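Each remark here refers to the structure printed beneath this line.
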Amino acid sequence: MKFGEVQQSARHYINGRWETGTTTGISTNPSDTREVVSEYARADRNQTELAIRAASEALPHWSHSTPQRRADVLDQIGSEILARKDELGMLLAREEGKTLPEGVGEAARAGQIFKFFAGEALRVQGETMASVRPGIQVDVTREPVGVVGIIAPWNFPLAIPAWKIAPALAYGNTVVFKPAELVATCGWALAEIISRCGLPAGVFNLVMGSGREVGQTLVDHPLVHALSFTGSVATGERILQSAAARRAKVQLEMGGKNPLVVLADADLDRAVDCAVQGSYFSTGQRCTASSRLIVEAPVHDAFVARLRHRIAALKVGHALEQGIEMGPVVDQGQLELNQSYLEIGRNEGAEHVWGGELLERPTPGHYMNPALFLARPEHRIAREEIFGPVACVLQADDFDHALALANDTPFGLCAGICTSSLKHAMHFKRNAEVGMTMVNLPTAGVDFHVPFGGRKGSSYGPREQGRYAAEFYTTVKTGYVLA
Ligand code: NAD
């Protein structure tokens, strides 16, 4: 069966069996809304509880499995994803609307993440220390946290689940995974591969359905020890309240309003390139998108002119069409939200530079032109996450002003700077109030073997990815032995 081409019927995967749902949902292609990608199963509270119980019952055995066993399973999953990256990328492009090269790239990254954590399963480390008391040995070891509930957003339907599921399994936890409904088929495709790679029944479970019912059941259930969530700030805050009330471990990755600073000494072609990639690729639907372009006065007008020229030439269209640089918006709701922000920008007095119009293409889809505004820091389009192809330029008097503007946000995911000054680059790296900085690079586009996450309103709890993922997916135990 090829993931990318045929219409799928996607079922839940609970306790090692494929199960139909209590209801079904329809996933459609945002590039051609006439096309059904799948009819997927939707769970209710009872079915979600079955998955949680299965994960709980599988925990004692899996948490004591050997690192070699876990490494072998993860390696096999990674190999199959990599071998089938073209099909998976096509499915992703059909369901989420990323261009085909972006979809294939994301699928490959998901495979690489499983491969990375196959290695990490063999490298779980502890510490041995001298005791402050005579004759006693002390060690610190890492153990799995238990049953992990994984709640994922729609915008990276393969990579984000991969960077949560792979470390969870690598460190001996069991999993209940809930994908976003808009991309249920991608979640199902990942589960289909995982289901054939040697895991005992119940170690990994897939349950699809609404956040309110499936997600909230995971959040509230006493058998779920830890929750890894990526999504909007509003949902994250709700999850934090509920999880904290029952003292579950929780990790939240939420929104961003990331700045890209362009100083007067920057290579302007490179800066425009960073802005185009960071603001508009993946249709601006990335938490790491640079939606605030903070430009030093001497190059402001030249930068805006060049950026306008570049985005006016961007090819927008069907995600599977060759040469397309920006696919459609993911759904009608997000398209309307993007359009409403254009209106808000104009009404607040931001200067509309280019774009934003709805587009007609040969197939009916959620198409719009990339949009650019000149804004002031107090404008809502410069403060609120839009999550679409809408960016604004803010003018800065000098470096200090640019840094202050960059930090003037409740978010703190990532921040970029384009400059040829080592002094300014280093100062920016040190003083940007974010989890990730980029120098002469787009804010979006990160490696999979190093920590990912932010500060302030963007993130809560330990970082994801790389070996730092162990902070969330394990708990430490301190042992004392009188020898
Ligand atoms: P969302 O918050 O609407 O949904 C995310 C997930 O939470 C979905 O699976 C949804 O079904 C589930 N959910 C909804 N209500 C729930 C509830 N009450 N309890 C439990 N689960 C619930 O977000 P989205 O629209 O899917 O994704 C877009 C958002 O994700 C943007 O704000 C974006 O910035 C953010 N995002 C952040 C990162 C990051 O790493 N910081 C990465 C990607 C996306």
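In the structure tokens, the first chain shown is A, the next is B, and so on; residue numbers restart at 1 for each chain, and ligands run from 1 in the order shown.
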query: Mind listing the residues within 8 Å of ligand 1, only C-alpha atoms and all ligand atoms counted, as a count of residues only?
result: 49
Per residue of region 385-475 of chain A within 10 Å of region 310-334 of chain A, what are the shortest atom pair and its distance in Å to one decimal, counting only C-alpha atoms, with rows by chain and residue number, as JSON lines?
```
{"residue": "A:Ile386", "atom": "CA", "partner": "A:Gln334", "partner_atom": "CA", "distance": 8.8}
{"residue": "A:Phe387", "atom": "CA", "partner": "A:Gln334", "partner_atom": "CA", "distance": 8.0}
{"residue": "A:Gly388", "atom": "CA", "partner": "A:Val329", "partner_atom": "CA", "distance": 7.2}
{"residue": "A:Pro389", "atom": "CA", "partner": "A:Val329", "partner_atom": "CA", "distance": 8.4}
```
Any chance you could export the current selection's N, CA, C and O atoms as a PDB file, in the first residue's frame?
```pdb
ATOM      1  N   ILE A 386       0.079  35.121  13.927  1.00  0.00           N
ATOM      2  CA  ILE A 386      -0.968  34.957  12.908  1.00  0.00           C
ATOM      3  C   ILE A 386      -0.946  33.520  12.387  1.00  0.00           C
ATOM      4  O   ILE A 386      -1.955  32.901  12.179  1.00  0.00           O
ATOM      5  N   PHE A 387       0.241  32.973  12.180  1.00  0.00           N
ATOM      6  CA  PHE A 387       0.437  31.602  11.695  1.00  0.00           C
ATOM      7  C   PHE A 387       0.040  31.465  10.233  1.00  0.00           C
ATOM      8  O   PHE A 387      -0.545  30.466   9.814  1.00  0.00           O
ATOM      9  N   GLY A 388       0.367  32.486   9.481  1.00  0.00           N
ATOM     10  CA  GLY A 388       0.110  32.466   8.043  1.00  0.00           C
ATOM     11  C   GLY A 388       1.195  33.264   7.333  1.00  0.00           C
ATOM     12  O   GLY A 388       2.124  33.778   7.964  1.00  0.00           O
ATOM     13  N   PRO A 389       1.079  33.424   5.996  1.00  0.00           N
ATOM     14  CA  PRO A 389       2.125  34.101   5.224  1.00  0.00           C
ATOM     15  C   PRO A 389       1.998  35.625   5.293  1.00  0.00           C
ATOM     16  O   PRO A 389       1.810  36.301   4.276  1.00  0.00           O
TER      17      PRO A 389
END
```
- prompt: When distances are computed from only C-alpha atoms, which of A:His449, A:Arg53, A:Arg42, A:Arg123 shows the smallest separation from Ala71 (chain A)?
  reply: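 The shortest atom-to-atom distance to Ala71 (chain A) comes from A:Arg123.
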Write out as a PDB file with all heavy atoms, in the first residue's frame the residues lying within 9 Å of Phe399 (chain A), counting only C-alpha atoms and excluding same-chain residues fewer than 3 positions away.
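Everything below was put into selection.pdb:
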```
ATOM      1  N   VAL A 261      16.311  40.395  12.758  1.00  0.00           N
ATOM      2  CA  VAL A 261      16.901  41.736  12.732  1.00  0.00           C
ATOM      3  C   VAL A 261      17.827  41.838  11.523  1.00  0.00           C
ATOM      4  O   VAL A 261      18.617  40.927  11.254  1.00  0.00           O
ATOM      5  CB  VAL A 261      17.687  41.982  14.051  1.00  0.00           C
ATOM      6  CG1 VAL A 261      18.557  43.226  13.930  1.00  0.00           C
ATOM      7  CG2 VAL A 261      16.719  42.094  15.229  1.00  0.00           C
ATOM      8  N   LEU A 263      20.657  44.367  10.165  1.00  0.00           N
ATOM      9  CA  LEU A 263      21.462  45.562  10.446  1.00  0.00           C
ATOM     10  C   LEU A 263      21.977  46.173   9.143  1.00  0.00           C
ATOM     11  O   LEU A 263      22.021  45.507   8.095  1.00  0.00           O
ATOM     12  CB  LEU A 263      22.638  45.210  11.366  1.00  0.00           C
ATOM     13  CG  LEU A 263      22.265  44.755  12.781  1.00  0.00           C
ATOM     14  CD1 LEU A 263      23.521  44.575  13.642  1.00  0.00           C
ATOM     15  CD2 LEU A 263      21.297  45.729  13.462  1.00  0.00           C
ATOM     16  N   GLU A 296      17.291  48.059  10.347  1.00  0.00           N
ATOM     17  CA  GLU A 296      17.963  49.310  10.725  1.00  0.00           C
ATOM     18  C   GLU A 296      17.711  50.376   9.654  1.00  0.00           C
ATOM     19  O   GLU A 296      17.735  50.074   8.441  1.00  0.00           O
ATOM     20  CB  GLU A 296      19.473  49.044  10.892  1.00  0.00           C
ATOM     21  CG  GLU A 296      20.078  49.848  12.028  1.00  0.00           C
ATOM     22  CD  GLU A 296      21.576  49.611  12.194  1.00  0.00           C
ATOM     23  OE1 GLU A 296      22.119  48.622  11.657  1.00  0.00           O
ATOM     24  OE2 GLU A 296      22.202  50.445  12.874  1.00  0.00           O
ATOM     25  N   ALA A 396      14.158  50.175  12.891  1.00  0.00           N
ATOM     26  CA  ALA A 396      14.940  50.393  14.117  1.00  0.00           C
ATOM     27  C   ALA A 396      15.966  51.496  13.887  1.00  0.00           C
ATOM     28  O   ALA A 396      16.540  51.592  12.803  1.00  0.00           O
ATOM     29  CB  ALA A 396      15.650  49.109  14.509  1.00  0.00           C
ATOM     30  N   ALA A 402      17.033  47.880  17.853  1.00  0.00           N
ATOM     31  CA  ALA A 402      16.601  46.628  17.193  1.00  0.00           C
ATOM     32  C   ALA A 402      16.500  45.500  18.218  1.00  0.00           C
ATOM     33  O   ALA A 402      15.533  44.725  18.214  1.00  0.00           O
ATOM     34  CB  ALA A 402      17.581  46.259  16.086  1.00  0.00           C
ATOM     35  N   LEU A 403      17.486  45.409  19.109  1.00  0.00           N
ATOM     36  CA  LEU A 403      17.466  44.355  20.127  1.00  0.00           C
ATOM     37  C   LEU A 403      16.275  44.540  21.072  1.00  0.00           C
ATOM     38  O   LEU A 403      15.584  43.572  21.426  1.00  0.00           O
ATOM     39  CB  LEU A 403      18.789  44.359  20.910  1.00  0.00           C
ATOM     40  CG  LEU A 403      18.890  43.348  22.049  1.00  0.00           C
ATOM     41  CD1 LEU A 403      18.760  41.911  21.534  1.00  0.00           C
ATOM     42  CD2 LEU A 403      20.231  43.523  22.784  1.00  0.00           C
ATOM     43  N   ALA A 404      16.026  45.811  21.446  1.00  0.00           N
ATOM     44  CA  ALA A 404      14.890  46.079  22.341  1.00  0.00           C
ATOM     45  C   ALA A 404      13.576  45.691  21.656  1.00  0.00           C
ATOM     46  O   ALA A 404      12.697  45.071  22.277  1.00  0.00           O
ATOM     47  CB  ALA A 404      14.876  47.554  22.737  1.00  0.00           C
ATOM     48  N   HIS A 424      28.178  42.578  17.147  1.00  0.00           N
ATOM     49  CA  HIS A 424      26.720  42.653  17.268  1.00  0.00           C
ATOM     50  C   HIS A 424      26.080  41.268  17.276  1.00  0.00           C
ATOM     51  O   HIS A 424      25.128  41.011  18.015  1.00  0.00           O
ATOM     52  CB  HIS A 424      26.140  43.517  16.149  1.00  0.00           C
ATOM     53  CG  HIS A 424      26.343  44.982  16.388  1.00  0.00           C
ATOM     54  ND1 HIS A 424      26.621  45.872  15.369  1.00  0.00           N
ATOM     55  CD2 HIS A 424      26.331  45.711  17.524  1.00  0.00           C
ATOM     56  CE1 HIS A 424      26.765  47.088  15.884  1.00  0.00           C
ATOM     57  NE2 HIS A 424      26.597  47.009  17.189  1.00  0.00           N
TER      58      HIS A 424
END
```
message: I'd like the neighbourhood of Asn258 (chain A) as number ranges by chain, where a residue qualifies if any of its atoms comes within 12 Å (using only C-alpha atoms), though same-chain residues fewer than 3 positions away should be ignored.
response: A: 255, 261, 275, 278-279, 284, 286-294, 382-387, 391-392, 405-417, 432-438, 442-444, 454-455, 457-458
Could the residues in this selection be saved with C-alpha atoms as a PDB file, in the first residue's frame?
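Result file result-v8.pdb:
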```pdb
ATOM      1  CA  GLY A 255       3.457  29.981  19.658  1.00  0.00           C
ATOM      2  CA  VAL A 261      16.901  41.736  12.732  1.00  0.00           C
ATOM      3  CA  ALA A 275      13.213  36.827   5.341  1.00  0.00           C
ATOM      4  CA  GLY A 278      11.610  32.406   7.324  1.00  0.00           C
ATOM      5  CA  SER A 279       8.405  34.333   6.772  1.00  0.00           C
ATOM      6  CA  GLY A 284       4.230  30.911   7.175  1.00  0.00           C
ATOM      7  CA  ARG A 286       5.723  27.463  11.407  1.00  0.00           C
ATOM      8  CA  CYS A 287       6.161  28.334  15.060  1.00  0.00           C
ATOM      9  CA  THR A 288       9.689  29.441  14.088  1.00  0.00           C
ATOM     10  CA  ALA A 289       8.498  31.731  11.255  1.00  0.00           C
ATOM     11  CA  SER A 290       9.972  35.244  11.278  1.00  0.00           C
ATOM     12  CA  SER A 291       6.888  37.425  11.278  1.00  0.00           C
ATOM     13  CA  ARG A 292       8.669  40.576  12.564  1.00  0.00           C
ATOM     14  CA  LEU A 293      11.408  41.900  10.302  1.00  0.00           C
ATOM     15  CA  ILE A 294      13.282  44.540  12.295  1.00  0.00           C
ATOM     16  CA  ALA A 382       3.377  43.025  15.032  1.00  0.00           C
ATOM     17  CA  ARG A 383       2.421  41.468  18.374  1.00  0.00           C
ATOM     18  CA  GLU A 384       0.086  38.513  17.817  1.00  0.00           C
ATOM     19  CA  GLU A 385       0.941  35.201  16.199  1.00  0.00           C
ATOM     20  CA  ILE A 386      -0.968  34.957  12.908  1.00  0.00           C
ATOM     21  CA  PHE A 387       0.437  31.602  11.695  1.00  0.00           C
ATOM     22  CA  ALA A 391       4.988  39.484   7.873  1.00  0.00           C
ATOM     23  CA  CYS A 392       5.629  43.046   8.934  1.00  0.00           C
ATOM     24  CA  LEU A 405      12.224  45.645  19.643  1.00  0.00           C
ATOM     25  CA  ALA A 406      13.228  41.995  19.182  1.00  0.00           C
ATOM     26  CA  ASN A 407      12.650  41.333  22.886  1.00  0.00           C
ATOM     27  CA  ASP A 408       9.450  43.389  23.080  1.00  0.00           C
ATOM     28  CA  THR A 409       7.094  40.398  22.839  1.00  0.00           C
ATOM     29  CA  PRO A 410       5.444  37.919  25.165  1.00  0.00           C
ATOM     30  CA  PHE A 411       6.944  35.118  23.042  1.00  0.00           C
ATOM     31  CA  GLY A 412      10.514  33.800  23.126  1.00  0.00           C
ATOM     32  CA  LEU A 413      10.989  30.931  20.717  1.00  0.00           C
ATOM     33  CA  CYS A 414      13.739  32.062  18.338  1.00  0.00           C
ATOM     34  CA  ALA A 415      15.383  35.211  17.003  1.00  0.00           C
ATOM     35  CA  GLY A 416      17.638  35.857  14.018  1.00  0.00           C
ATOM     36  CA  ILE A 417      20.058  38.575  13.029  1.00  0.00           C
ATOM     37  CA  ALA A 432      17.938  37.841  22.786  1.00  0.00           C
ATOM     38  CA  GLU A 433      15.325  36.463  25.228  1.00  0.00           C
ATOM     39  CA  VAL A 434      14.672  33.257  23.302  1.00  0.00           C
ATOM     40  CA  GLY A 435      15.536  29.576  23.251  1.00  0.00           C
ATOM     41  CA  MET A 436      17.247  29.596  19.831  1.00  0.00           C
ATOM     42  CA  THR A 437      19.238  32.228  17.918  1.00  0.00           C
ATOM     43  CA  MET A 438      20.271  32.316  14.271  1.00  0.00           C
ATOM     44  CA  PRO A 442      16.443  32.113   8.590  1.00  0.00           C
ATOM     45  CA  THR A 443      14.706  31.747  11.975  1.00  0.00           C
ATOM     46  CA  ALA A 444      12.940  28.643  10.659  1.00  0.00           C
ATOM     47  CA  GLY A 454      11.869  28.681  23.808  1.00  0.00           C
ATOM     48  CA  ARG A 455      11.350  30.981  26.763  1.00  0.00           C
ATOM     49  CA  GLY A 457       5.169  32.529  26.525  1.00  0.00           C
ATOM     50  CA  SER A 458       6.521  30.127  23.875  1.00  0.00           C
TER      51      SER A 458
END
```
- prompt: What lies within 7 Å of region 79-89 of chain A using only C-alpha atoms, ignoring chain neighbours under 5 positions off, as a ChimeraX atom specification?
  reply: /A:2-4,100,103-104,107-108,111
File of the preceding selection, N, CA, C and O atoms, as a CSV table (one decimal), in the first residue's frame:
```csv
chain,number,residue,atom,x,y,z
A,2,LYS,N,0.6,2.2,-0.9
A,2,LYS,CA,1.4,3.4,-0.9
A,2,LYS,C,0.7,4.5,-0.2
A,2,LYS,O,-0.5,4.7,-0.5
A,3,PHE,N,1.4,5.2,0.7
A,3,PHE,CA,0.7,6.2,1.5
A,3,PHE,C,0.2,7.4,0.7
A,3,PHE,O,-0.8,8.0,0.9
A,4,GLY,N,1.1,7.8,-0.3
A,4,GLY,CA,0.8,9.1,-1.0
A,4,GLY,C,-0.3,9.1,-2.0
A,4,GLY,O,-0.8,10.1,-2.3
A,100,LEU,N,5.7,19.7,-2.2
A,100,LEU,CA,6.2,18.3,-2.2
A,100,LEU,C,7.7,18.2,-1.6
A,100,LEU,O,7.9,17.4,-0.8
A,103,GLY,N,7.5,18.6,2.0
A,103,GLY,CA,6.9,17.4,2.6
A,103,GLY,C,7.9,16.2,2.7
A,103,GLY,O,8.0,15.5,3.7
A,104,VAL,N,8.6,16.0,1.6
A,104,VAL,CA,9.6,14.9,1.5
A,104,VAL,C,10.8,15.2,2.5
A,104,VAL,O,11.2,14.3,3.3
A,107,ALA,N,9.5,14.4,6.0
A,107,ALA,CA,9.5,12.9,6.2
A,107,ALA,C,10.9,12.4,6.5
A,107,ALA,O,11.1,11.6,7.4
A,108,ALA,N,11.9,12.9,5.7
A,108,ALA,CA,13.2,12.4,5.9
A,108,ALA,C,13.7,12.8,7.3
A,108,ALA,O,14.4,12.0,8.0
A,111,GLY,N,12.5,10.4,9.8
A,111,GLY,CA,13.3,9.1,9.8
A,111,GLY,C,14.6,9.3,10.6
A,111,GLY,O,15.0,8.5,11.4
```
query: Closest to Pro298 (chain A) among A:Asn369, A:Thr419, A:Thr474, A:Gln395, using only C-alpha atoms?
result: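 Counting only C-alpha atoms, the residue closest to Pro298 (chain A) is A:Gln395.
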Within 10 Å of region 303-306 of chain A: each region 235-280 of chain A residue with its shortest pair, only C-alpha atoms, as a Markdown table:
```
| residue | atom | partner | partner_atom | distance |
| --- | --- | --- | --- | --- |
| A:Val262 | CA | A:Phe303 | CA | 8.7 |
| A:Ala264 | CA | A:Phe303 | CA | 9.8 |
| A:Leu268 | CA | A:Phe303 | CA | 6.8 |
| A:Asp269 | CA | A:Arg306 | CA | 8.2 |
| A:Ala271 | CA | A:Phe303 | CA | 8.1 |
| A:Val272 | CA | A:Phe303 | CA | 6.9 |
| A:Asp273 | CA | A:Arg306 | CA | 9.8 |
| A:Ala275 | CA | A:Phe303 | CA | 9.9 |
```
- prompt: Which one is closest to His12 (chain A): A:Asp32, A:Glu120, A:Glu39, A:Glu351? Count only C-alpha atoms.
  reply: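 Among the listed residues, the smallest separation from His12 (chain A) belongs to A:Glu39.
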field: Nearby residues (only C-alpha atoms) at most 8 Å from Tyr341 (chain A), same-chain spacing under 3 positions excluded, as a list in words
entry: Leu337, Asn338, Ile344, Gly345, Ile381 and Ile386 of chain A
message: Taking only region 60-242 of chain A into account, list the residues labelled alpha helix (DSSP H) by DSSP (computed from the backbone), as a VMD selection string.
response: chain A and resid 60 to 63 67 to 83 85 to 96 100 to 121 159 to 170 184 to 194 216 to 220 233 to 242
task: Per DSSP on the backbone, filter region 169-315 of chain A down to the residues in strand (DSSP E) and report them as a PyMOL selection string.
output: chain A and resi 174-178+204-206+226-230+249-253+258-262+290-296
- request: Give the answer as one residue: which of A:Pro67, A:Gly126, A:Gly16, A:Gly119 has the shortest atom-to-atom distance to Thr478 (chain A), using only C-alpha atoms?
  value: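 Under the stated criterion, the closest residue is A:Gly126.
Between Leu394 (chain A) and the candidates A:Pro60, A:Pro259, A:Pro451, A:Gly355, the tightest atom-to-atom separation, counting only C-alpha atoms, involves A:Pro259.
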message: As an exercise, work out the distance from CA of Leu59 (chain A) to CA of Ala184 (chain A) in Å and give it to one decimal place.
response: 25.4 Å
task: Would you list the contacts of Val450 (chain A) as a PyMOL selection string, taking every protein, DNA or RNA residue within 9 Å and counting only C-alpha atoms, but skipping same-chain residues closer than 4 positions in sequence?
output: chain A and resi 446+464-468
For the residues in the current selection, export all heavy atoms as an mmCIF file, in the first residue's frame.
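Written out: part-v3.cif:
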```cif
data_model
loop_
_atom_site.group_PDB
_atom_site.id
_atom_site.type_symbol
_atom_site.label_atom_id
_atom_site.label_comp_id
_atom_site.auth_asym_id
_atom_site.auth_seq_id
_atom_site.Cartn_x
_atom_site.Cartn_y
_atom_site.Cartn_z
ATOM 1 N N VAL A 446 15.778 24.085 11.654
ATOM 2 C CA VAL A 446 16.638 23.735 12.788
ATOM 3 C C VAL A 446 17.146 22.306 12.621
ATOM 4 O O VAL A 446 16.597 21.524 11.851
ATOM 5 C CB VAL A 446 15.872 23.860 14.135
ATOM 6 C CG1 VAL A 446 15.501 25.302 14.419
ATOM 7 C CG2 VAL A 446 14.629 22.975 14.137
ATOM 8 N N GLU A 464 12.835 19.987 24.033
ATOM 9 C CA GLU A 464 12.669 18.791 23.215
ATOM 10 C C GLU A 464 13.941 18.575 22.388
ATOM 11 O O GLU A 464 14.734 19.477 22.199
ATOM 12 C CB GLU A 464 11.492 18.971 22.255
ATOM 13 C CG GLU A 464 10.189 19.265 22.989
ATOM 14 C CD GLU A 464 8.979 18.896 22.172
ATOM 15 O OE1 GLU A 464 8.696 17.701 22.067
ATOM 16 O OE2 GLU A 464 8.330 19.805 21.632
ATOM 17 N N GLN A 465 14.080 17.381 21.864
ATOM 18 C CA GLN A 465 15.091 16.990 20.871
ATOM 19 C C GLN A 465 16.519 16.909 21.432
ATOM 20 O O GLN A 465 16.859 17.492 22.453
ATOM 21 C CB GLN A 465 15.071 17.937 19.667
ATOM 22 C CG GLN A 465 13.717 17.938 18.977
ATOM 23 C CD GLN A 465 13.811 18.349 17.531
ATOM 24 O OE1 GLN A 465 14.492 17.741 16.741
ATOM 25 N NE2 GLN A 465 13.092 19.392 17.185
ATOM 26 N N GLY A 466 17.323 16.168 20.659
ATOM 27 C CA GLY A 466 18.706 15.959 21.049
ATOM 28 C C GLY A 466 18.770 15.189 22.368
ATOM 29 O O GLY A 466 17.776 14.648 22.851
ATOM 30 N N ARG A 467 19.945 15.170 22.979
ATOM 31 C CA ARG A 467 20.047 14.392 24.213
ATOM 32 C C ARG A 467 19.328 15.073 25.369
ATOM 33 O O ARG A 467 19.074 14.451 26.396
ATOM 34 C CB ARG A 467 21.501 14.064 24.537
ATOM 35 C CG ARG A 467 22.380 15.216 24.829
ATOM 36 C CD ARG A 467 23.843 14.766 24.898
ATOM 37 N NE ARG A 467 24.735 15.902 24.907
ATOM 38 C CZ ARG A 467 25.044 16.580 26.005
ATOM 39 N NH1 ARG A 467 24.577 16.219 27.164
ATOM 40 N NH2 ARG A 467 25.838 17.624 25.933
ATOM 41 N N TYR A 468 18.976 16.368 25.201
ATOM 42 C CA TYR A 468 18.236 17.076 26.247
ATOM 43 C C TYR A 468 16.820 16.527 26.414
ATOM 44 O O TYR A 468 16.159 16.785 27.406
ATOM 45 C CB TYR A 468 18.188 18.584 25.951
ATOM 46 C CG TYR A 468 19.545 19.230 26.135
ATOM 47 C CD1 TYR A 468 20.537 19.106 25.173
ATOM 48 C CD2 TYR A 468 19.834 19.938 27.294
ATOM 49 C CE1 TYR A 468 21.791 19.657 25.356
ATOM 50 C CE2 TYR A 468 21.082 20.508 27.483
ATOM 51 C CZ TYR A 468 22.058 20.359 26.506
ATOM 52 O OH TYR A 468 23.297 20.902 26.694
#
```
Length of the CA of Ile193 (chain A) to CA of Thr48 (chain A) vector [Å]: 20.8 Å
query: Hey, which of A:Lys257, A:Asp397, A:Ile194, A:Pro364 ends up closest to Lys456 (chain A)? Count only C-alpha atoms.
result: A:Lys257
